[in-house]
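Below: data.cif (mmCIF, C-alpha atoms)
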```cif
data_protein
loop_
_atom_site.label_atom_id
_atom_site.label_comp_id
_atom_site.auth_asym_id
_atom_site.auth_seq_id
_atom_site.Cartn_x
_atom_site.Cartn_y
_atom_site.Cartn_z
CA MET A 1 114.45 124.85 172.76
CA ASN A 2 112.74 122.22 174.85
CA ARG A 3 112.31 118.49 174.27
CA LEU A 4 108.75 118.80 172.92
CA ASP A 5 109.81 121.23 170.20
CA SER A 6 112.69 118.99 169.07
CA ALA A 7 110.43 115.89 169.07
CA ALA A 8 107.78 117.73 167.00
CA GLY A 9 110.45 118.91 164.53
CA ALA A 10 111.85 115.38 164.16
CA ASN A 11 108.33 114.04 163.62
CA ILE A 12 107.69 116.61 160.86
CA TRP A 13 110.97 115.71 159.12
CA ARG A 14 110.13 112.01 159.35
CA LYS A 15 106.74 112.63 157.73
CA ALA A 16 108.33 114.81 155.05
CA ARG A 17 110.84 112.04 154.20
CA VAL A 18 108.04 109.48 153.92
CA LEU A 19 106.05 111.80 151.63
CA ILE A 20 109.12 112.41 149.45
CA LEU A 21 109.82 108.67 149.19
CA VAL A 22 106.19 107.85 148.36
CA GLY A 23 106.04 110.68 145.80
CA GLY A 24 109.32 109.56 144.20
CA ALA A 25 108.12 105.95 144.01
CA GLY A 26 104.88 107.18 142.41
CA LEU A 27 106.83 109.11 139.77
CA VAL A 28 109.04 106.10 139.02
CA LEU A 29 106.00 103.82 138.63
CA ALA A 30 104.23 106.39 136.44
CA GLY A 31 107.29 106.46 134.17
CA CYS A 32 107.07 102.67 133.73
CA SER A 33 103.38 102.61 132.80
CA SER A 34 102.23 101.70 129.32
CA ILE A 35 101.40 104.44 126.81
CA ARG A 36 98.25 103.75 124.78
CA GLU A 37 97.98 105.30 121.32
CA THR A 38 95.09 105.14 118.86
CA ARG A 39 96.09 105.36 115.21
CA GLY A 40 93.91 105.70 112.15
CA TYR A 41 90.14 105.64 112.18
CA VAL A 42 88.52 106.01 115.61
CA VAL A 43 85.99 103.17 115.80
CA ASP A 44 82.43 103.89 116.91
CA ASN A 45 80.46 100.62 117.00
CA VAL A 46 77.08 102.37 116.80
CA LEU A 47 78.09 104.08 113.56
CA LEU A 48 79.61 100.87 112.17
CA GLN A 49 76.36 98.98 112.73
CA SER A 50 74.32 101.72 111.07
CA VAL A 51 75.87 101.06 107.62
CA GLN A 52 73.50 98.58 105.92
CA PRO A 53 74.03 96.79 102.58
CA GLY A 54 71.34 97.63 100.02
CA ILE A 55 70.23 100.73 101.95
CA ASP A 56 73.28 103.04 102.10
CA ASN A 57 75.32 104.48 99.27
CA GLN A 58 78.75 106.14 99.04
CA ARG A 59 77.41 109.52 100.06
CA SER A 60 75.59 108.23 103.15
CA VAL A 61 78.60 106.12 104.21
CA GLU A 62 80.86 109.16 103.95
CA GLY A 63 78.34 111.17 105.97
CA THR A 64 78.14 108.46 108.65
CA LEU A 65 81.73 107.17 108.90
CA GLY A 66 83.68 110.01 107.31
CA ARG A 67 86.30 109.70 104.62
CA PRO A 68 87.99 106.28 104.39
CA SER A 69 91.60 105.60 105.34
CA PHE A 70 92.15 104.45 101.74
CA THR A 71 90.18 103.13 98.77
CA SER A 72 90.76 100.22 96.41
CA GLN A 73 92.51 101.02 93.16
CA TYR A 74 91.56 97.86 91.27
CA GLY A 75 88.54 95.59 91.16
CA GLU A 76 85.25 96.45 92.79
CA PRO A 77 85.15 99.83 94.58
CA THR A 78 85.94 99.29 98.26
CA TRP A 79 86.53 101.76 101.08
CA TYR A 80 88.77 100.72 103.96
CA TYR A 81 88.66 102.17 107.48
CA VAL A 82 91.80 101.08 109.38
CA SER A 83 92.18 101.43 113.15
CA SER A 84 94.99 100.34 115.48
CA VAL A 85 95.53 100.67 119.20
CA THR A 86 99.12 100.22 120.31
CA GLY A 87 100.63 99.92 123.74
CA ARG A 88 104.19 101.02 124.42
CA ARG A 89 106.37 100.94 127.47
CA PRO A 90 109.27 103.40 127.74
CA LEU A 91 112.31 102.37 125.68
CA VAL A 92 110.44 99.44 124.09
CA ARG A 93 109.05 99.06 120.55
CA PRO A 94 105.25 99.57 120.35
CA ARG A 95 103.02 96.47 120.19
CA ILE A 96 99.64 96.26 118.52
CA ARG A 97 96.90 95.64 121.11
CA GLN A 98 93.85 95.96 118.84
CA HIS A 99 93.57 96.21 115.07
CA SER A 100 90.51 96.38 112.86
CA VAL A 101 89.86 96.93 109.17
CA LEU A 102 86.35 97.76 108.04
CA ALA A 103 85.86 97.10 104.31
CA VAL A 104 82.77 98.66 102.73
CA LYS A 105 82.24 97.29 99.21
CA PHE A 106 80.08 99.10 96.67
CA ASP A 107 78.34 97.91 93.52
CA ALA A 108 78.51 99.66 90.13
CA GLU A 109 75.76 102.14 91.10
CA GLY A 110 77.56 103.21 94.29
CA ASN A 111 75.29 101.34 96.73
CA VAL A 112 76.73 99.32 99.62
CA ALA A 113 77.08 95.68 98.55
CA SER A 114 78.71 94.31 101.72
CA VAL A 115 80.40 95.34 104.95
CA GLU A 116 83.23 93.19 106.30
CA ASN A 117 85.17 93.65 109.52
CA ALA A 118 88.59 92.01 110.01
CA GLY A 119 90.62 91.97 113.19
CA LEU A 120 94.08 91.21 114.50
CA ASP A 121 93.63 87.51 113.69
CA GLN A 122 94.02 88.24 109.96
CA VAL A 123 97.15 90.40 110.25
CA VAL A 124 100.25 88.84 108.70
CA PHE A 125 103.55 89.54 110.45
CA LEU A 126 106.48 89.36 108.05
CA SER A 127 110.06 88.76 109.04
CA PRO A 128 112.38 89.71 106.19
CA ASP A 129 115.13 87.24 105.35
CA GLY A 130 118.47 88.98 105.30
CA ASP A 131 119.31 92.62 104.83
CA LYS A 132 119.44 92.76 101.00
CA THR A 133 116.69 92.95 98.41
CA PRO A 134 117.37 90.77 95.35
CA THR A 135 117.26 92.68 92.06
CA LEU A 136 117.42 91.74 88.40
CA GLY A 137 120.60 92.42 86.45
CA ARG A 138 124.24 91.96 87.25
CA GLU A 139 126.08 92.78 90.44
CA ARG A 140 128.35 95.80 90.28
CA GLY A 141 131.24 96.29 92.64
CA PHE A 142 132.29 99.51 94.37
CA LEU A 143 135.06 100.35 91.89
CA GLU A 144 132.77 99.66 88.95
CA ASP A 145 130.20 102.04 90.43
CA LEU A 146 132.91 104.63 91.00
CA PHE A 147 134.68 104.44 87.63
CA GLY A 148 131.94 102.89 85.44
CA ASN A 149 131.06 106.07 83.54
CA ILE A 150 134.59 106.93 82.42
CA GLY A 151 134.66 106.96 78.65
CA THR A 152 130.89 106.70 78.23
CA VAL A 153 130.06 110.37 78.74
CA GLY A 154 129.57 112.06 75.37
CA SER A 155 130.35 108.89 73.37
CA GLY A 156 126.70 108.02 72.71
CA VAL A 157 127.03 104.79 74.69
CA GLY A 158 124.54 104.49 77.54
CA PRO A 159 125.14 102.88 80.90
CA GLY A 160 123.85 99.52 79.64
CA GLY A 161 126.36 99.35 76.77
CA PRO A 162 125.84 99.92 73.06
CA GLN A 163 122.19 99.87 71.97
#
```
For this file, produce the structure as structure tokens.
Amino acid sequence: MNRLDSAAGANIWRKARVLILVGGAGLVLAGCSSIRETRGYVVDNVLLQSVQPGIDNQRSVEGTLGRPSFTSQYGEPTWYYVSSVTGRRPLVRPRIRQHSVLAVKFDAEGNVASVENAGLDQVVFLSPDGDKTPTLGRERGFLEDLFGNIGTVGSGVGPGGPQ
């Protein structure tokens, strides 16, 4: 083997090491990139603008926007289309990047009365206080839970005492 062959071989190995390092760095950076997820209704602004109060009805709204995410149970009939876009980095809790709620309200005849669009500015973030939910009634201890039914089974006395 002559000097030229050994120099060419060393040069190839040097280039291979650089390619491996660059490829490894690329994989590490790709693993740290943010993951974008769309949840709920996929918003199409052209379709949203085509729903007009006084012109459309429930059938045309369903044909244009599809079935709603959920509907109101009380009060005036309202269809809600909820959409969220979250961003998440590996090993970190997802964060909401975009959020929109389209509320389509109908009158008694089923015609569109109004269309309202709410965004992330109207979202309320709750932080619960403590790890217990207060309930009505008395507190029962562990032993009372364990041995509380002794003597009440078959005696006609319910768990709340004599009726």
Let me make sure I understand: among A:Asp131, A:Glu116, A:Glu109, A:Asp44, which one has the smallest atom-to-atom distance to A:Trp79 if we use all atoms listed in the file?
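Distance minimum relative to A:Trp79 lands on A:Glu116.
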Could you spell out the hits of the PyMOL selection byres ((chain A and resi 61) around 12) on the shown file, as an MDAnalysis selection string?
chainID A and resid 47:60 62:68 78:81 103:106 110:113 115
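Within the 7 Å cut-off around A:Arg39, using only C-alpha atoms and omitting residues fewer than 5 positions from it on the same chain, the listed residues are A:Ser83, A:Ser84, A:Val85.
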Distance atom CA of A:Gly75-atom CA of A:Val42, one decimal place?
26.6 Å
Would you compute, for all listed atoms of stretch 76-88 of chain A, the axis-aligned bounding box grown by 4 Å on each side, and then report its centre and edge lengths in Å rounded to one decimal, as JSON?
```
{"center_x": 94.7, "center_y": 99.3, "center_z": 108.6, "size_x": 27.0, "size_y": 13.7, "size_z": 39.6}
```
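Atom pair atom CA of A:Arg93 / atom CA of A:Gly130: separated by 20.6 Å.
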I'd like the residues picked by the PyMOL selection byres ((chain A and resi 121) around 12) written out as number ranges by chain, using the chain letters and numbers from the file.
A: 96-101, 117-120, 122-125
Interatomic distance between atom CA of A:Asp129 and atom CA of A:Pro94?
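A separation of 21.8 Å between them.
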Judged by only C-alpha atoms, the minimum distance to A:Leu91 among A:Leu136, A:Ile35, A:Leu126, A:Leu21 is found for A:Ile35
